[in-house]
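Before any comments, here is the structure.
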Amino acid sequence: MGRVALRRYRGLILLLTFLIYTCYHMSRKPISVVKSELHRNCSEIPNPNNYTNSTTWCNWSPFDQDNYKELLGGVDDAFLVAYALGMFVSGIFGERLSLRYYLFSGMLLSGIFTSLFGLGYYWNIHQLWFYVIVQIFNGLAQTTGWPAVVTCIGNWFGKGRRGFIMGIWNSHTSVGNILGSLIAGIWVDSAWGLSFIVPGIIIAVMGLISFLFLIEYPEDVDCTPPQHHNGPVEDLGTSVESVVGNIPEKESGTEGSECSRESTEKPEAISFLRALRIPGVVEFSLCLLFAKLVSYTFLFWLPLYIVNVGKCMC
């Protein structure tokens, strides 16, 4: 029964963390879909009140100006700069605070700020500073997701099946982007505010679910951890996973853990400078830098590009 219970708990953790980060990415996607609605060519749309400016009357101010690309880019930059800076400290807090409380607060705040962007439609807000400030706080709130879910996965899974598990689990990014595009696309033409409000509500509800059901450590349900909580790591050169990801050095840690009354010490958090000294951290960070550069360019601008190019071709 010990191994059966452990597998059930691991399945629950895998599913919960998958859904959690799916919601994070789902709530980031609407802005790329709604851009094509904030500024578009109004000359192709029937003008009900005979506005004098036939090309911009249907656009959402302040994005109805000729410099709309710079304004939309500024909104994106507000989110991404806040997200980048927040990640430096988010991991530090994530290792020192309860993951349940940390994820719940982060997902709740992400839901609030995502919904606030959409409420600008219903509140008829046309000031650029409102959308910039909302994106700054949303970017900071979104940094709570990745460090927390990776830490939780590292607490539960061993080294033996790391590639298989992470390969399947990491598809949450694509699933979240797909769901975000589908949800945003439903209301983008009729009431684009709902394209943000609905994902905001979903991620907030998922935050409550994670608070109620997420189990941070195997020890919390009397299960033996996969060998990596038994003491502090002395050698920073052993592996990245043994310090940051809390993944064991023993291959047998995955299958040999069972539920029992035996409890062990929880891992100690390391400092930012010690993390930089781990072999491979800087190199992998630079690789991810360029990968994210391409990824977020497509994430935020591809729908608008497709709409504009499609019109030109027609």
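By order of appearance in the structure tokens: chains A, B, ..., then residues from 1 within every chain, and ligands from 1 in the order shown.
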Leaving out Gly86 in chain A and any residue of its chain fewer than 6 positions from it, which residues lie within 12 Å of it when counting only C-alpha atoms, given as a tab-separated table (two decimals) with N, CA, C and O atoms, in the first residue's frame?
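Writing done, so here's selection.tsv:
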```tsv
chain	number	residue	atom	x	y	z
A	78	ALA	N	6.22	46.65	-20.11
A	78	ALA	CA	5.87	46.81	-18.70
A	78	ALA	C	5.73	45.45	-18.02
A	78	ALA	O	6.22	45.24	-16.91
A	79	PHE	N	5.06	44.53	-18.71
A	79	PHE	CA	4.89	43.18	-18.16
A	79	PHE	C	6.22	42.43	-18.10
A	79	PHE	O	6.58	41.85	-17.07
A	80	LEU	N	6.96	42.44	-19.22
A	80	LEU	CA	8.16	41.61	-19.32
A	80	LEU	C	9.29	42.11	-18.43
A	80	LEU	O	10.01	41.30	-17.83
A	92	ILE	N	13.74	33.32	-4.40
A	92	ILE	CA	14.20	33.42	-3.01
A	92	ILE	C	13.02	33.28	-2.06
A	92	ILE	O	13.07	32.53	-1.07
A	93	PHE	N	11.93	33.99	-2.36
A	93	PHE	CA	10.74	33.89	-1.51
A	93	PHE	C	10.10	32.51	-1.61
A	93	PHE	O	9.60	31.97	-0.62
A	94	GLY	N	10.11	31.94	-2.83
A	94	GLY	CA	9.48	30.64	-3.04
A	94	GLY	C	10.12	29.54	-2.23
A	94	GLY	O	9.45	28.58	-1.82
A	136	ILE	N	2.48	45.94	-15.08
A	136	ILE	CA	3.63	45.86	-14.19
A	136	ILE	C	3.33	44.96	-12.99
A	136	ILE	O	4.09	44.03	-12.67
A	137	PHE	N	2.20	45.19	-12.36
A	137	PHE	CA	1.84	44.38	-11.19
A	137	PHE	C	1.50	42.94	-11.60
A	137	PHE	O	1.77	42.00	-10.84
A	138	ASN	N	0.93	42.78	-12.78
A	138	ASN	CA	0.64	41.43	-13.26
A	138	ASN	C	1.94	40.67	-13.52
A	138	ASN	O	2.05	39.48	-13.20
A	139	GLY	N	2.93	41.35	-14.09
A	139	GLY	CA	4.21	40.71	-14.33
A	139	GLY	C	4.88	40.26	-13.04
A	139	GLY	O	5.45	39.17	-12.97
A	140	LEU	N	4.79	41.09	-12.01
A	140	LEU	CA	5.36	40.71	-10.71
A	140	LEU	C	4.61	39.53	-10.11
A	140	LEU	O	5.23	38.61	-9.55
A	141	ALA	N	3.29	39.53	-10.21
A	141	ALA	CA	2.50	38.43	-9.65
A	141	ALA	C	2.76	37.12	-10.39
A	141	ALA	O	2.77	36.05	-9.78
A	142	GLN	N	3.00	37.20	-11.69
A	142	GLN	CA	3.21	36.00	-12.49
A	142	GLN	C	4.52	35.29	-12.16
A	142	GLN	O	4.68	34.11	-12.46
A	143	THR	N	5.46	35.99	-11.54
A	143	THR	CA	6.75	35.36	-11.21
A	143	THR	C	6.62	34.32	-10.11
A	143	THR	O	7.56	33.55	-9.88
A	144	THR	N	5.50	34.26	-9.44
A	144	THR	CA	5.33	33.29	-8.35
A	144	THR	C	5.16	31.87	-8.87
A	144	THR	O	5.37	30.91	-8.12
A	145	GLY	N	4.80	31.71	-10.15
A	145	GLY	CA	4.44	30.39	-10.65
A	145	GLY	C	5.59	29.44	-10.84
A	145	GLY	O	5.63	28.36	-10.23
A	146	TRP	N	6.55	29.79	-11.68
A	146	TRP	CA	7.59	28.85	-12.07
A	146	TRP	C	8.45	28.36	-10.91
A	146	TRP	O	8.63	27.15	-10.75
A	147	PRO	N	9.00	29.25	-10.07
A	147	PRO	CA	9.82	28.74	-8.96
A	147	PRO	C	9.04	27.80	-8.03
A	147	PRO	O	9.59	26.81	-7.54
```
With only C-alpha atoms counted and 10 Å as the cut-off, give the residues of range 133-198 of chain A in contact with range 35-44 of chain A, each with its shortest interatomic distance in Å and the pair that gives it, as JSON lines.
```
{"residue": "A:Val188", "atom": "CA", "partner": "A:Glu37", "partner_atom": "CA", "distance": 6.8}
{"residue": "A:Asp189", "atom": "CA", "partner": "A:Glu37", "partner_atom": "CA", "distance": 7.0}
{"residue": "A:Ser190", "atom": "CA", "partner": "A:Glu37", "partner_atom": "CA", "distance": 9.7}
{"residue": "A:Ala191", "atom": "CA", "partner": "A:Glu37", "partner_atom": "CA", "distance": 9.8}
{"residue": "A:Trp192", "atom": "CA", "partner": "A:Glu37", "partner_atom": "CA", "distance": 7.7}
```
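Excluding Thr22 in chain A and any residue on its chain fewer than 4 positions from it, the residues at most 7 Å away by only C-alpha atoms are Phe18, Met26, His172, Thr173, Val175 and Gly176 of chain A.
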Could you save the residues just selected, with C-alpha atoms, as an mmCIF file, in the first residue's frame?
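result-v1.cif was written with the following content:
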```cif
data_model
loop_
_atom_site.group_PDB
_atom_site.id
_atom_site.type_symbol
_atom_site.label_atom_id
_atom_site.label_comp_id
_atom_site.auth_asym_id
_atom_site.auth_seq_id
_atom_site.Cartn_x
_atom_site.Cartn_y
_atom_site.Cartn_z
ATOM 1 C CA PHE A 18 0.477 21.033 -14.580
ATOM 2 C CA MET A 26 -3.389 30.991 -20.231
ATOM 3 C CA HIS A 172 1.702 22.977 -19.779
ATOM 4 C CA THR A 173 3.249 25.999 -21.542
ATOM 5 C CA VAL A 175 -1.532 23.915 -23.442
ATOM 6 C CA GLY A 176 -1.887 27.206 -21.573
#
```
May I have the residues within 8 Å of Cys152 in chain A as an NGL selection string, using only C-alpha atoms and disregarding those fewer than 6 positions away in the same chain?
:A and (13 or 17 or 99 or 216-217)
Print the selection's residues with all heavy atoms to a file, as a compact mmCIF listing (two decimals), in the first residue's frame.
```
# COMPACT_ATOMS: atom_id res chain seq x y z
N ILE A 13 0.15 15.53 -7.50
CA ILE A 13 1.06 16.67 -7.58
C ILE A 13 1.37 17.01 -9.02
O ILE A 13 1.39 18.18 -9.42
CB ILE A 13 2.36 16.37 -6.81
CG1 ILE A 13 2.06 16.16 -5.31
CG2 ILE A 13 3.37 17.50 -6.99
CD1 ILE A 13 1.36 17.32 -4.65
N THR A 17 0.24 20.69 -10.42
CA THR A 17 1.24 21.65 -10.89
C THR A 17 1.11 21.90 -12.39
O THR A 17 1.37 23.01 -12.86
CB THR A 17 2.66 21.15 -10.55
OG1 THR A 17 2.84 19.81 -11.03
CG2 THR A 17 2.90 21.18 -9.05
N LEU A 99 4.70 26.94 -0.01
CA LEU A 99 4.34 26.95 -1.42
C LEU A 99 2.84 27.10 -1.61
O LEU A 99 2.40 27.73 -2.58
CB LEU A 99 4.81 25.65 -2.08
CG LEU A 99 6.33 25.44 -2.17
CD1 LEU A 99 6.63 24.12 -2.87
CD2 LEU A 99 7.00 26.59 -2.90
N GLU A 216 3.03 20.02 -0.29
CA GLU A 216 4.35 20.55 -0.59
C GLU A 216 5.45 19.51 -0.52
O GLU A 216 6.32 19.43 -1.38
CB GLU A 216 4.69 21.70 0.36
CG GLU A 216 3.72 22.87 0.28
CD GLU A 216 4.07 23.96 1.27
OE1 GLU A 216 5.28 24.12 1.58
OE2 GLU A 216 3.16 24.65 1.75
N TYR A 217 5.44 18.67 0.52
CA TYR A 217 6.50 17.70 0.75
C TYR A 217 5.90 16.31 0.99
O TYR A 217 4.81 16.18 1.56
CB TYR A 217 7.33 18.09 1.98
CG TYR A 217 8.07 19.39 1.83
CD1 TYR A 217 7.53 20.57 2.34
CD2 TYR A 217 9.32 19.45 1.21
CE1 TYR A 217 8.21 21.78 2.22
CE2 TYR A 217 10.00 20.65 1.09
CZ TYR A 217 9.45 21.80 1.59
OH TYR A 217 10.12 23.00 1.47
```
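Nearest residue to Leu72 in chain A, choosing from A:Leu288, A:Val34, A:Cys223, A:Ile45 and counting only C-alpha atoms: A:Val34.
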Close residues, Ser27 in chain A itself excluded, 12 Å, only C-alpha atoms, min 2 positions apart in chain, as JSON, numbers by chain:
{"A": [20, 21, 22, 23, 24, 25, 29, 30, 31, 32, 33, 107, 108, 109, 110, 111, 112, 113, 114, 115, 117, 118, 135, 138, 139, 141, 142, 145, 173, 175, 176, 177, 178, 179, 180, 181, 182, 183, 184, 194, 195, 196, 197, 198, 199, 200, 201, 202, 203, 204, 206]}
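Going from CA of Phe63 in chain A to CA of Ala291 in chain A covers 29.1 Å.
Counting from CA of Tyr122 in chain A, the distance to CA of Cys58 in chain A is 15.6 Å.
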Selection: 12 Å around Leu71 in chain A, only C-alpha atoms, excl. self and same-chain fewer than 2 positions, as a PyMOL selection string:
chain A and resi 35+38-39+60-69+73-78+127-129+131-132
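With CA of Val89 in chain A on one side and CA of Asn170 in chain A on the other, the separation reads 22.6 Å.
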Write out as JSON, numbers by chain all residues of range 12-209 of chain A that DSSP puts in helix (DSSP H, G or I) for this structure's backbone.
{"A": [12, 13, 14, 15, 16, 17, 18, 19, 20, 21, 22, 23, 24, 25, 26, 27, 28, 30, 31, 32, 33, 34, 35, 36, 37, 38, 42, 43, 44, 68, 69, 70, 71, 72, 73, 74, 75, 76, 77, 78, 79, 80, 81, 82, 83, 84, 85, 86, 87, 88, 89, 90, 91, 92, 93, 94, 95, 96, 99, 100, 101, 102, 103, 104, 105, 106, 107, 108, 109, 110, 111, 112, 113, 114, 115, 116, 117, 118, 119, 120, 121, 122, 128, 129, 130, 131, 132, 133, 134, 135, 136, 137, 138, 139, 140, 141, 142, 145, 146, 147, 148, 149, 150, 151, 152, 153, 154, 155, 156, 162, 163, 164, 165, 166, 167, 168, 169, 172, 173, 174, 175, 176, 177, 178, 179, 180, 181, 182, 183, 184, 185, 186, 187, 194, 195, 196, 197, 198, 199, 200, 201, 202, 203, 204, 205, 206, 207, 208, 209]}
